[in-house]
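Content type mmCIF, C-alpha atoms and all ligand atoms, from the file query.cif:
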data_structure
loop_
_atom_site.label_atom_id
_atom_site.label_comp_id
_atom_site.auth_asym_id
_atom_site.auth_seq_id
_atom_site.Cartn_x
_atom_site.Cartn_y
_atom_site.Cartn_z
CA MET A 1 68.83 -103.59 -5.39
CA THR A 2 65.04 -103.44 -5.37
CA ILE A 3 63.65 -101.23 -2.59
CA ARG A 4 60.48 -102.76 -1.14
CA TRP A 5 57.90 -100.17 -0.07
CA GLY A 6 55.02 -100.37 2.37
CA ILE A 7 52.31 -97.71 2.19
CA ALA A 8 50.75 -96.62 5.47
CA SER A 9 47.21 -95.19 5.03
CA THR A 10 44.91 -95.40 2.06
CA GLY A 11 43.89 -91.76 1.45
CA LYS A 12 44.41 -89.40 -1.46
CA ILE A 13 48.15 -88.83 -1.29
CA SER A 14 48.86 -92.52 -0.72
CA THR A 15 47.03 -93.20 -3.97
CA SER A 16 49.27 -90.68 -5.75
CA MET A 17 52.37 -92.22 -4.20
CA ALA A 18 51.33 -95.74 -5.19
CA GLN A 19 50.92 -94.52 -8.78
CA ALA A 20 54.32 -92.77 -8.68
CA LEU A 21 56.13 -95.81 -7.24
CA ALA A 22 54.60 -98.05 -9.91
CA GLY A 23 56.57 -96.10 -12.51
CA ILE A 24 59.97 -96.25 -10.79
CA ASP A 25 62.56 -98.87 -11.78
CA GLY A 26 63.78 -100.74 -8.73
CA ALA A 27 60.75 -99.84 -6.59
CA GLU A 28 58.25 -102.46 -5.53
CA ILE A 29 55.21 -101.88 -3.33
CA VAL A 30 54.97 -105.09 -1.32
CA ALA A 31 52.36 -104.12 1.29
CA VAL A 32 49.79 -101.56 2.39
CA GLY A 33 48.55 -100.84 5.90
CA SER A 34 45.31 -99.22 6.98
CA ARG A 35 43.23 -98.78 10.13
CA SER A 36 40.71 -101.07 8.47
CA GLN A 37 41.28 -104.41 6.74
CA SER A 38 38.64 -103.63 4.10
CA ALA A 39 40.32 -100.34 3.10
CA ALA A 40 43.69 -102.11 2.95
CA ASP A 41 42.21 -104.90 0.81
CA GLU A 42 40.61 -102.43 -1.57
CA PHE A 43 43.79 -100.35 -1.92
CA ALA A 44 45.88 -103.50 -2.47
CA GLN A 45 43.53 -104.67 -5.18
CA GLN A 46 43.48 -101.28 -6.92
CA HIS A 47 47.28 -101.04 -6.99
CA SER A 48 48.14 -104.75 -7.40
CA ILE A 49 49.88 -104.91 -3.99
CA GLY A 50 50.57 -108.39 -2.64
CA ARG A 51 49.77 -107.93 1.05
CA ALA A 52 47.13 -105.87 2.87
CA HIS A 53 47.45 -105.26 6.61
CA GLY A 54 44.55 -104.14 8.81
CA SER A 55 46.75 -102.15 11.21
CA HIS A 56 49.89 -100.04 11.16
CA SER A 57 51.55 -102.45 13.60
CA GLU A 58 51.07 -105.36 11.18
CA LEU A 59 52.58 -103.31 8.35
CA CYS A 60 55.55 -102.43 10.57
CA ALA A 61 56.02 -106.12 11.41
CA ASP A 62 56.03 -107.19 7.74
CA PRO A 63 59.52 -108.64 7.21
CA ASP A 64 59.50 -107.92 3.46
CA VAL A 65 59.09 -104.15 3.80
CA ASP A 66 62.25 -101.98 3.64
CA VAL A 67 60.73 -98.49 3.73
CA ILE A 68 57.33 -97.20 4.84
CA TYR A 69 55.66 -94.18 3.25
CA ILE A 70 53.36 -92.46 5.73
CA GLY A 71 50.35 -90.67 4.20
CA SER A 72 48.18 -90.09 7.25
CA PRO A 73 46.97 -86.77 8.78
CA HIS A 74 49.57 -84.63 10.59
CA SER A 75 48.46 -85.70 14.06
CA GLU A 76 49.43 -89.33 13.30
CA HIS A 77 52.89 -88.72 11.83
CA ARG A 78 54.85 -88.83 15.08
CA SER A 79 53.51 -92.12 16.42
CA MET A 80 53.34 -93.92 13.07
CA THR A 81 56.89 -92.84 12.14
CA ILE A 82 58.41 -93.82 15.46
CA GLU A 83 56.66 -97.20 15.44
CA ALA A 84 57.98 -97.91 11.94
CA LEU A 85 61.54 -96.84 12.80
CA GLU A 86 61.54 -98.95 15.96
CA ALA A 87 60.41 -101.92 13.86
CA GLY A 88 63.54 -101.42 11.75
CA LYS A 89 61.92 -99.74 8.74
CA HIS A 90 63.15 -96.68 6.86
CA VAL A 91 60.50 -93.93 6.66
CA LEU A 92 59.35 -91.26 4.23
CA CYS A 93 56.76 -89.20 6.13
CA GLU A 94 54.40 -86.75 4.44
CA LYS A 95 54.51 -83.03 5.05
CA ALA A 96 53.80 -81.39 7.41
CA PHE A 97 56.32 -83.75 8.98
CA ALA A 98 54.78 -83.37 12.44
CA LEU A 99 52.48 -81.11 14.42
CA ASN A 100 55.41 -79.18 15.88
CA ARG A 101 59.17 -79.08 16.29
CA ASN A 102 59.13 -81.14 19.49
CA ASP A 103 57.43 -84.03 17.70
CA ALA A 104 59.84 -83.71 14.76
CA GLU A 105 62.80 -83.90 17.15
CA ALA A 106 61.44 -87.10 18.68
CA MET A 107 61.02 -88.65 15.23
CA ILE A 108 64.56 -87.74 14.18
CA GLU A 109 65.92 -89.07 17.46
CA ALA A 110 64.17 -92.38 16.73
CA ALA A 111 65.82 -92.52 13.29
CA LYS A 112 69.23 -92.02 14.90
CA GLN A 113 68.58 -94.54 17.66
CA ASN A 114 67.41 -97.19 15.21
CA ASP A 115 69.90 -96.29 12.47
CA ARG A 116 67.16 -95.98 9.84
CA PHE A 117 66.58 -93.44 7.06
CA LEU A 118 63.99 -90.73 7.73
CA MET A 119 62.89 -87.83 5.53
CA GLU A 120 60.08 -85.27 5.34
CA ALA A 121 58.17 -85.78 2.09
CA MET A 122 58.42 -82.17 0.92
CA TRP A 123 58.27 -83.20 -2.74
CA SER A 124 58.70 -79.63 -4.03
CA TRP A 125 62.34 -79.58 -2.90
CA PHE A 126 62.99 -82.22 -5.58
CA MET A 127 61.26 -80.41 -8.45
CA PRO A 128 63.59 -79.84 -11.44
CA CYS A 129 62.15 -76.31 -11.99
CA TRP A 130 62.92 -75.30 -8.39
CA HIS A 131 66.54 -76.46 -8.76
CA GLU A 132 66.91 -74.66 -12.09
CA ILE A 133 65.52 -71.43 -10.59
CA ARG A 134 67.82 -71.64 -7.57
CA GLY A 135 70.80 -72.19 -9.88
CA ARG A 136 69.88 -69.12 -11.92
CA ILE A 137 69.44 -66.99 -8.79
CA GLU A 138 72.79 -68.16 -7.41
CA ALA A 139 74.38 -67.32 -10.78
CA GLY A 140 73.07 -63.74 -10.38
CA GLU A 141 70.72 -63.84 -13.36
CA ILE A 142 68.21 -61.44 -11.71
CA GLY A 143 70.67 -59.68 -9.40
CA ASP A 144 70.23 -59.62 -5.63
CA ILE A 145 66.84 -60.94 -4.50
CA VAL A 146 64.69 -58.24 -2.91
CA THR A 147 61.21 -59.79 -2.61
CA LEU A 148 59.48 -63.15 -2.89
CA ASP A 149 55.70 -63.35 -2.91
CA ALA A 150 53.75 -66.61 -2.72
CA THR A 151 50.21 -67.58 -1.79
CA PHE A 152 48.67 -71.03 -1.58
CA ALA A 153 44.96 -70.81 -0.91
CA LEU A 154 42.35 -73.46 -1.80
CA ASP A 155 38.62 -73.34 -1.25
CA LEU A 156 38.08 -76.33 1.05
CA PRO A 157 34.63 -75.74 2.62
CA ASP A 158 33.89 -79.23 4.05
CA PRO A 159 33.55 -78.59 7.82
CA ASP A 160 34.34 -82.25 8.57
CA GLY A 161 37.24 -82.52 6.11
CA ARG A 162 40.79 -83.21 7.32
CA HIS A 163 41.85 -79.62 6.60
CA ARG A 164 39.43 -78.10 9.13
CA ARG A 165 39.70 -80.63 11.95
CA ARG A 166 41.84 -79.45 14.86
CA ASP A 167 41.93 -82.97 16.36
CA ILE A 168 43.93 -84.32 13.40
CA GLY A 169 46.18 -81.31 12.81
CA GLY A 170 44.08 -79.27 10.37
CA GLY A 171 44.53 -75.65 9.36
CA ALA A 172 45.75 -73.85 6.26
CA LEU A 173 49.34 -73.41 7.44
CA LEU A 174 50.43 -77.02 7.93
CA ASP A 175 48.67 -78.19 4.80
CA LEU A 176 49.04 -75.34 2.27
CA GLY A 177 50.99 -72.47 3.86
CA ILE A 178 53.94 -74.81 4.21
CA TYR A 179 54.51 -74.45 0.44
CA PRO A 180 55.00 -70.64 0.29
CA LEU A 181 57.34 -71.05 3.28
CA SER A 182 59.16 -73.87 1.49
CA ILE A 183 59.84 -71.95 -1.72
CA ALA A 184 61.10 -69.00 0.34
CA ARG A 185 63.40 -71.19 2.45
CA PHE A 186 64.56 -73.18 -0.61
CA LEU A 187 65.52 -70.07 -2.59
CA LEU A 188 66.48 -67.56 0.11
CA GLY A 189 67.56 -69.64 3.12
CA GLU A 190 66.05 -69.89 6.58
CA PRO A 191 64.44 -66.61 7.72
CA THR A 192 65.83 -64.62 10.61
CA ASP A 193 62.45 -63.12 11.56
CA VAL A 194 58.75 -63.74 10.97
CA ARG A 195 55.52 -61.80 11.55
CA ALA A 196 52.10 -63.31 10.96
CA LEU A 197 48.40 -62.56 11.35
CA GLY A 198 45.50 -64.88 10.86
CA ARG A 199 41.85 -65.70 11.31
CA LEU A 200 40.76 -68.95 12.95
CA THR A 201 37.77 -71.20 12.32
CA ALA A 202 35.25 -71.80 15.10
CA ASP A 203 37.12 -75.08 15.76
CA GLY A 204 40.36 -73.13 16.34
CA VAL A 205 42.45 -73.94 13.27
CA ASP A 206 43.78 -71.27 10.95
CA ALA A 207 41.36 -70.47 8.10
CA SER A 208 43.65 -67.75 6.71
CA VAL A 209 47.20 -66.65 7.53
CA ALA A 210 49.34 -63.90 6.02
CA GLY A 211 52.82 -62.90 7.02
CA SER A 212 56.32 -61.78 6.21
CA LEU A 213 59.76 -63.31 6.53
CA LEU A 214 63.06 -61.47 6.71
CA HIS A 215 66.04 -63.39 5.30
CA GLN A 216 69.73 -63.09 6.15
CA SER A 217 70.44 -61.34 2.84
CA GLY A 218 67.87 -58.63 3.57
CA ALA A 219 65.36 -60.13 1.13
CA VAL A 220 61.75 -60.22 2.32
CA THR A 221 59.06 -62.83 1.66
CA THR A 222 55.35 -62.19 1.82
CA PHE A 223 53.28 -65.35 2.16
CA SER A 224 49.64 -66.18 2.65
CA THR A 225 47.41 -69.20 2.80
CA SER A 226 43.72 -69.93 3.24
CA LEU A 227 41.08 -72.66 3.23
CA ASP A 228 38.39 -70.18 2.08
CA ALA A 229 39.33 -69.22 -1.51
CA THR A 230 41.50 -70.39 -4.38
CA SER A 231 44.47 -68.19 -5.31
CA ASP A 232 46.26 -68.03 -8.68
CA LEU A 233 48.91 -70.49 -7.38
CA THR A 234 51.91 -68.67 -8.87
CA ALA A 235 54.99 -67.31 -7.03
CA ARG A 236 57.03 -64.23 -7.90
CA ILE A 237 60.63 -63.29 -7.15
CA ALA A 238 62.01 -59.79 -7.77
CA GLY A 239 65.71 -58.98 -7.89
CA THR A 240 67.79 -55.90 -8.53
CA GLY A 241 68.38 -57.10 -12.10
CA GLY A 242 65.10 -58.76 -13.08
CA ARG A 243 62.30 -61.03 -11.94
CA ILE A 244 61.06 -64.62 -12.10
CA GLU A 245 57.48 -65.79 -12.12
CA ILE A 246 56.98 -69.45 -11.25
CA HIS A 247 53.92 -70.65 -13.12
CA ALA A 248 51.05 -72.42 -11.35
CA PRO A 249 51.17 -74.68 -9.52
CA PHE A 250 54.33 -73.12 -8.08
CA TRP A 251 54.96 -76.10 -5.74
CA PHE A 252 55.26 -78.56 -8.67
CA PRO A 253 55.75 -76.32 -11.68
CA THR A 254 56.65 -77.22 -15.23
CA ALA A 255 57.51 -73.66 -16.31
CA PHE A 256 58.78 -70.31 -15.13
CA THR A 257 59.35 -66.95 -16.83
CA VAL A 258 62.51 -64.90 -16.38
CA THR A 259 62.36 -61.20 -17.23
CA VAL A 260 65.59 -59.22 -17.55
CA ASP A 261 65.86 -55.76 -19.14
CA GLY A 262 62.24 -55.97 -20.29
CA THR A 263 62.80 -59.22 -22.19
CA SER A 264 60.96 -62.32 -21.01
CA GLU A 265 61.88 -65.94 -21.58
CA THR A 266 59.73 -68.88 -20.50
CA ILE A 267 61.58 -72.05 -19.58
CA GLU A 268 59.70 -75.34 -19.51
CA ILE A 269 60.99 -78.31 -17.51
CA PRO A 270 58.69 -81.28 -16.95
CA ASN A 271 58.42 -83.04 -13.62
CA ARG A 272 57.39 -86.53 -12.55
CA GLY A 273 55.53 -85.50 -9.41
CA LEU A 274 56.21 -87.56 -6.30
CA ALA A 275 58.67 -89.83 -8.17
CA HIS A 276 61.59 -87.41 -7.67
CA GLU A 277 61.49 -87.57 -3.86
CA ALA A 278 60.84 -91.33 -3.89
CA GLU A 279 63.86 -91.95 -6.14
CA HIS A 280 65.99 -89.79 -3.86
CA VAL A 281 64.91 -91.86 -0.84
CA MET A 282 65.86 -95.06 -2.67
CA GLU A 283 69.27 -93.68 -3.67
CA ARG A 284 70.03 -92.60 -0.10
CA ILE A 285 68.94 -95.95 1.37
CA ARG A 286 71.00 -97.89 -1.19
CA ALA A 287 74.03 -95.74 -0.33
CA GLY A 288 73.57 -96.51 3.37
CA HIS A 289 72.53 -93.02 4.53
CA ILE A 290 69.92 -92.34 7.19
CA GLU A 291 69.43 -88.66 6.29
CA SER A 292 68.74 -86.82 3.03
CA ASP A 293 71.30 -84.29 1.81
CA VAL A 294 68.49 -82.27 0.14
CA GLN A 295 65.68 -82.30 2.71
CA THR A 296 67.99 -82.44 5.72
CA TRP A 297 66.84 -82.90 9.31
CA ALA A 298 68.07 -79.38 10.05
CA ALA A 299 65.83 -78.03 7.28
CA THR A 300 62.85 -80.00 8.59
CA LEU A 301 63.42 -78.77 12.15
CA ALA A 302 63.78 -75.18 10.94
CA ASN A 303 60.55 -75.54 8.99
CA MET A 304 58.68 -76.93 12.01
CA GLY A 305 60.10 -74.23 14.28
CA LEU A 306 59.00 -71.54 11.84
CA MET A 307 55.47 -72.94 11.67
CA ASP A 308 55.37 -73.24 15.48
CA GLU A 309 56.18 -69.53 15.71
CA ILE A 310 53.56 -68.58 13.09
CA ARG A 311 50.93 -70.65 14.92
CA ARG A 312 51.96 -69.02 18.21
CA GLN A 313 51.44 -65.56 16.70
CA VAL A 314 48.13 -66.57 15.11
CA GLY A 315 46.88 -68.56 18.13
CA VAL A 316 46.54 -72.14 16.86
CA ILE A 317 47.10 -74.84 19.49
CA TYR A 318 46.58 -78.55 18.79
CA PRO A 319 45.03 -80.81 21.44
CA SER A 320 48.34 -82.57 22.19
CA GLU A 321 49.91 -79.16 22.90
CA GLU A 322 47.31 -77.98 25.40
CA GLY A 323 48.92 -77.34 28.73
CA ASP A 324 52.42 -76.95 27.24
CA ALA A 325 54.38 -74.15 28.85
CA GLY A 326 54.64 -71.01 26.72
N1 LIG B 401 52.67 -84.10 -1.10
C1 LIG B 401 51.47 -83.70 -1.47
O1 LIG B 401 51.23 -83.22 -2.56
C2 LIG B 401 50.33 -83.84 -0.53
C3 LIG B 401 49.05 -83.62 -1.02
C4 LIG B 401 48.00 -83.83 -0.14
C5 LIG B 401 48.26 -84.17 1.16
N2 LIG B 401 49.51 -84.34 1.61
C6 LIG B 401 49.79 -84.72 2.98
O2 LIG B 401 49.48 -86.11 3.08
C7 LIG B 401 48.85 -86.38 4.33
C8 LIG B 401 47.49 -87.01 4.08
O3 LIG B 401 46.73 -86.19 3.25
P1 LIG B 401 45.54 -86.78 2.32
O4 LIG B 401 45.02 -85.62 1.57
O5 LIG B 401 45.97 -87.98 1.60
O6 LIG B 401 44.49 -87.18 3.45
P2 LIG B 401 43.26 -88.19 3.36
O7 LIG B 401 42.81 -88.36 1.93
O8 LIG B 401 42.25 -87.73 4.36
O9 LIG B 401 43.88 -89.58 3.82
C9 LIG B 401 44.49 -89.73 5.06
C10 LIG B 401 44.47 -91.20 5.43
O10 LIG B 401 45.14 -91.34 6.68
C11 LIG B 401 44.64 -92.47 7.37
N3 LIG B 401 44.45 -92.10 8.77
C12 LIG B 401 45.20 -92.55 9.82
N4 LIG B 401 44.80 -92.02 10.96
C13 LIG B 401 43.74 -91.22 10.67
C14 LIG B 401 42.87 -90.42 11.44
N5 LIG B 401 43.02 -90.29 12.78
N6 LIG B 401 41.91 -89.73 10.82
C15 LIG B 401 41.75 -89.82 9.49
N7 LIG B 401 42.54 -90.58 8.67
C16 LIG B 401 43.51 -91.28 9.27
C17 LIG B 401 43.37 -92.89 6.64
O11 LIG B 401 43.70 -94.07 5.94
P3 LIG B 401 43.23 -95.50 6.55
O12 LIG B 401 41.76 -95.38 6.74
O13 LIG B 401 43.66 -96.45 5.50
O14 LIG B 401 43.97 -95.70 7.85
C18 LIG B 401 43.09 -91.78 5.66
O15 LIG B 401 42.53 -92.25 4.47
C19 LIG B 401 48.87 -85.06 5.08
O16 LIG B 401 50.05 -85.00 5.83
C20 LIG B 401 48.90 -84.01 3.97
O17 LIG B 401 49.45 -82.77 4.35
C21 LIG B 401 50.55 -84.19 0.77
#
What does the file become when written as structure tokens?
Ligand SMILES: NC(=O)c1ccc[n+]([C@@H]2O[C@H](COP(=O)([O-])OP(=O)(O)OC[C@H]3O[C@@H](n4cnc5c(N)ncnc54)[C@H](OP(=O)(O)O)[C@@H]3O)[C@@H](O)[C@H]2O)c1
Amino acid sequence: MTIRWGIASTGKISTSMAQALAGIDGAEIVAVGSRSQSAADEFAQQHSIGRAHGSHSELCADPDVDVIYIGSPHSEHRSMTIEALEAGKHVLCEKAFALNRNDAEAMIEAAKQNDRFLMEAMWSWFMPCWHEIRGRIEAGEIGDIVTLDATFALDLPDPDGRHRRRDIGGGALLDLGIYPLSIARFLLGEPTDVRALGRLTADGVDASVAGSLLHQSGAVTTFSTSLDATSDLTARIAGTGGRIEIHAPFWFPTAFTVTVDGTSETIEIPNRGLAHEAEHVMERIRAGHIESDVQTWAATLANMGLMDEIRRQVGVIYPSEEGDAG
């Protein structure tokens, strides 16, 4: 059964997703939606998409669309996702899934109410290297995990760019810091405690954040993120019997090195970028599920709750949260 996709928004990641979907058997992009008709037309022409809609509502009303991929800024995810679900569409919504846990809960509730599939597009959780590393850790290849250390910092100086705008959910954490948190949660489980410090921009989003997580097993994660410099983009895991270095870029790697007893082995496993998560969505929809069994709603809610707590400690509040108790 062909799964017919609609793409909502015409920015950078939507371009990557259109390219990924073009290479997947059984996937067809039938429509694109944008806030402007001209941007929709241009995107449709570039990617050979049959229909271009000049609003999200028109895309949601398109009867030929089965699933909508949402590639807008974080501030728009809640309303665009809920509108699509209420129109009867399945939804794959980019990370960060929402601005906060409350918004994520409302989105998941809409999926349940409308009996439609909904998943956070945390593509890293579908990377073959990540699954291979988790399998090796679970098999005890490097003993008990003691530390994990990951930084995702990129030099993004544009003061008007999406990453620095508080009004559309900017800040290092939701955009980049989510990846160090994701590898930690993927490999070591949800943390039981978190401590974070950060420095804000004049606009009030996080320019830099560093922190620690404590996991159930006693393992600790150190993570950091920034919009002001570019880090080496690797991640390191140390265990009682060895260590693993995930090569850059650690959030979509093609190689990692395992060192045990002073002997290192580098394992290379290619990936197909965003295609892995898209194929998973299609499999789940075909099988009649409304939730992923990899990127579960519980995992998404835990992720959002963790980032809420980090933002609380660092002092980042988005406009829609102003006036909220606590
Ligand atoms: N998975 C990944 O590797 C990855 C990588 C980068 C980003 N992302 C995520 O993808 C999302 C978009 O990131 P991006 O880098 O693609 O952003 P971008 O290039 O700035 O594109 C975002 C698009 O969203 C639409 N949009 C809707 N409401 C908007 C508003 N109020 N202000 C500005 N744009 C608005 C615009 O398209 P129209 O003009 O057509 O409406 C815009 O082009 C974010 O959630 C980000 O975290 C994921």
Can you list, as a count of residues only, every protein, DNA or RNA residue that comes within 9 Å of Ala52 in chain A when you count all atoms listed in the file, leaving out same-chain residues fewer than 3 positions away? 16
Can you list, as a tab-separated table (two decimals) with C-alpha atoms, keeping the file's coordinate frame, every protein, DNA or RNA residue that comes within 12 Å of Pro319 in chain A when you count all atoms listed in the file, leaving out same-chain residues fewer than 6 positions away?
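Ended up saving to out.tsv:
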chain	number	residue	atom	x	y	z
A	75	SER	CA	48.46	-85.70	14.06
A	99	LEU	CA	52.48	-81.11	14.42
A	100	ASN	CA	55.41	-79.18	15.88
A	165	ARG	CA	39.70	-80.63	11.95
A	166	ARG	CA	41.84	-79.45	14.86
A	167	ASP	CA	41.93	-82.97	16.36
A	168	ILE	CA	43.93	-84.32	13.40
A	169	GLY	CA	46.18	-81.31	12.81
A	170	GLY	CA	44.08	-79.27	10.37
A	203	ASP	CA	37.12	-75.08	15.76
A	204	GLY	CA	40.36	-73.13	16.34
A	205	VAL	CA	42.45	-73.94	13.27
Could you build a table of the residues in chain A lying no more than 9 Å from ligand LIG 401 (chain B), giving for each the nearest pair of atoms and their separation in Å rounded to one decimal place, using only C-alpha atoms and all ligand atoms, ordered by chain and ascending residue number, as CSV?
residue,atom,partner,partner_atom,distance
A:Ala8,CA,B:LIG401,O13,7.1
A:Ser9,CA,B:LIG401,O11,3.8
A:Thr10,CA,B:LIG401,O13,3.8
A:Gly11,CA,B:LIG401,O9,3.2
A:Lys12,CA,B:LIG401,O5,3.7
A:Ile13,CA,B:LIG401,O5,3.7
A:Ser14,CA,B:LIG401,O5,5.9
A:Thr15,CA,B:LIG401,O5,7.7
A:Ser16,CA,B:LIG401,O1,8.3
A:Met17,CA,B:LIG401,N1,8.7
A:Val32,CA,B:LIG401,O13,8.6
A:Gly33,CA,B:LIG401,O13,6.6
A:Ser34,CA,B:LIG401,O13,3.5
A:Arg35,CA,B:LIG401,O14,3.9
A:Ser36,CA,B:LIG401,O12,6.0
A:Gln37,CA,B:LIG401,O13,8.4
A:Ser38,CA,B:LIG401,O13,8.9
A:Ala39,CA,B:LIG401,O13,5.7
A:Ala40,CA,B:LIG401,O13,6.2
A:Phe43,CA,B:LIG401,O13,8.4
A:Gly54,CA,B:LIG401,O13,8.4
A:Ser55,CA,B:LIG401,O14,7.8
A:His56,CA,B:LIG401,O14,8.1
A:Ile70,CA,B:LIG401,C7,7.7
A:Gly71,CA,B:LIG401,C7,4.5
A:Ser72,CA,B:LIG401,O10,3.3
A:Pro73,CA,B:LIG401,C19,4.5
A:His74,CA,B:LIG401,O16,4.8
A:Ser75,CA,B:LIG401,N5,7.2
A:Glu76,CA,B:LIG401,N4,5.8
A:His77,CA,B:LIG401,O16,7.6
A:Met80,CA,B:LIG401,C12,8.9
A:Cys93,CA,B:LIG401,O16,7.9
A:Glu94,CA,B:LIG401,O16,4.9
A:Lys95,CA,B:LIG401,O16,4.9
A:Ala96,CA,B:LIG401,O16,5.4
A:Phe97,CA,B:LIG401,O16,7.1
A:Ala98,CA,B:LIG401,O16,8.3
A:Ala121,CA,B:LIG401,N1,6.6
A:Met122,CA,B:LIG401,N1,6.4
A:Trp123,CA,B:LIG401,N1,5.9
A:Ser124,CA,B:LIG401,N1,8.1
A:Gly161,CA,B:LIG401,O8,7.4
A:Arg162,CA,B:LIG401,O8,5.6
A:His163,CA,B:LIG401,O8,8.4
A:Asp167,CA,B:LIG401,N5,8.2
A:Ile168,CA,B:LIG401,N5,6.1
A:Gly169,CA,B:LIG401,O16,8.8
A:Gly170,CA,B:LIG401,O17,8.8
A:Leu174,CA,B:LIG401,O17,6.8
A:Asp175,CA,B:LIG401,O17,4.7
A:Leu176,CA,B:LIG401,O17,7.7
A:Trp251,CA,B:LIG401,O1,8.6
A:Phe252,CA,B:LIG401,O1,8.7
A:Gly273,CA,B:LIG401,O1,8.4
A:Leu274,CA,B:LIG401,N1,7.2
From the set A:Ile82, A:Ile3, A:Leu181, A:Ala287, which residue has the shortest atom-to-atom contact distance to Ala302 in chain A, counting only C-alpha atoms?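 Checking each candidate against Ala302 in chain A, we get A:Leu181 as the closest.
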Taking into account all atoms listed in the file, which residue in the set A:His280, A:Arg78, A:Arg236, A:His247 is nearest to Gln295 in chain A? A:His280
Counting all atoms listed in the file, figure out which residue out of A:Gln46, A:Gln216, A:Thr266, A:Thr2 gets nearest to Ala27 in chain A. A:Thr2
As an exercise, work out the distance from CA of His215 in chain A to CA of Glu132 in chain A in Å and give it to one decimal place.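 Rounded to one decimal, the two atoms are 20.7 Å apart.
Among the candidate residues A:Leu301, A:Ile290, A:Ile246, A:Ala219, the one lying nearest to Ala110 in chain A is A:Ile290, with distances computed using all atoms listed in the file.
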Restricting the calculation to all atoms listed in the file, which member of A:Met119, A:Leu85, A:Ile237, A:Ile7 is positioned closest to Asp293 in chain A? A:Met119
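Among the candidates A:Thr259, A:Thr151, A:Ser292, A:Ser212, the one nearest to Thr225 in chain A when counting all atoms listed in the file is A:Thr151.
Here CA of Ser320 in chain A stands at a distance of 17.4 Å from CA of Leu173 in chain A.
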Length of the CA of Pro180 in chain A to CA of Ala150 in chain A vector [Å]: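 CA of Ala150 in chain A lies 5.2 Å from CA of Pro180 in chain A.
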Taking every listed atom of range 106-123 of chain A and adding 5 Å to each side, what centre and edge lengths in Å (one decimal) does the axis-aligned box have, as lines of an AutoDock Vina configuration file?
center_x = 64.0
center_y = -89.7
center_z = 8.0
size_x = 21.7
size_y = 25.0
size_z = 31.4
Up to 8 Å from (44.4, -70.2, -6.7) in the file's coordinates: name the residues, counting all atoms listed in the file, as a PDB file with C-alpha atoms, in the coordinates of the input.
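Writing done, so here's selection-v7.pdb:
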ATOM      1  CA  PHE A 152      48.670 -71.030  -1.580  1.00  0.00           C
ATOM      2  CA  ALA A 153      44.960 -70.810  -0.910  1.00  0.00           C
ATOM      3  CA  LEU A 154      42.350 -73.460  -1.800  1.00  0.00           C
ATOM      4  CA  ALA A 229      39.330 -69.220  -1.510  1.00  0.00           C
ATOM      5  CA  THR A 230      41.500 -70.390  -4.380  1.00  0.00           C
ATOM      6  CA  SER A 231      44.470 -68.190  -5.310  1.00  0.00           C
ATOM      7  CA  ASP A 232      46.260 -68.030  -8.680  1.00  0.00           C
ATOM      8  CA  LEU A 233      48.910 -70.490  -7.380  1.00  0.00           C
ATOM      9  CA  THR A 234      51.910 -68.670  -8.870  1.00  0.00           C
TER      10      THR A 234
END
Could you give me, as a PyMOL selection string, the residues within 9 Å of Ile267 in chain A, counting all atoms listed in the file and dropping anything in the same chain fewer than 4 positions from it? chain A and resi 129+254-258
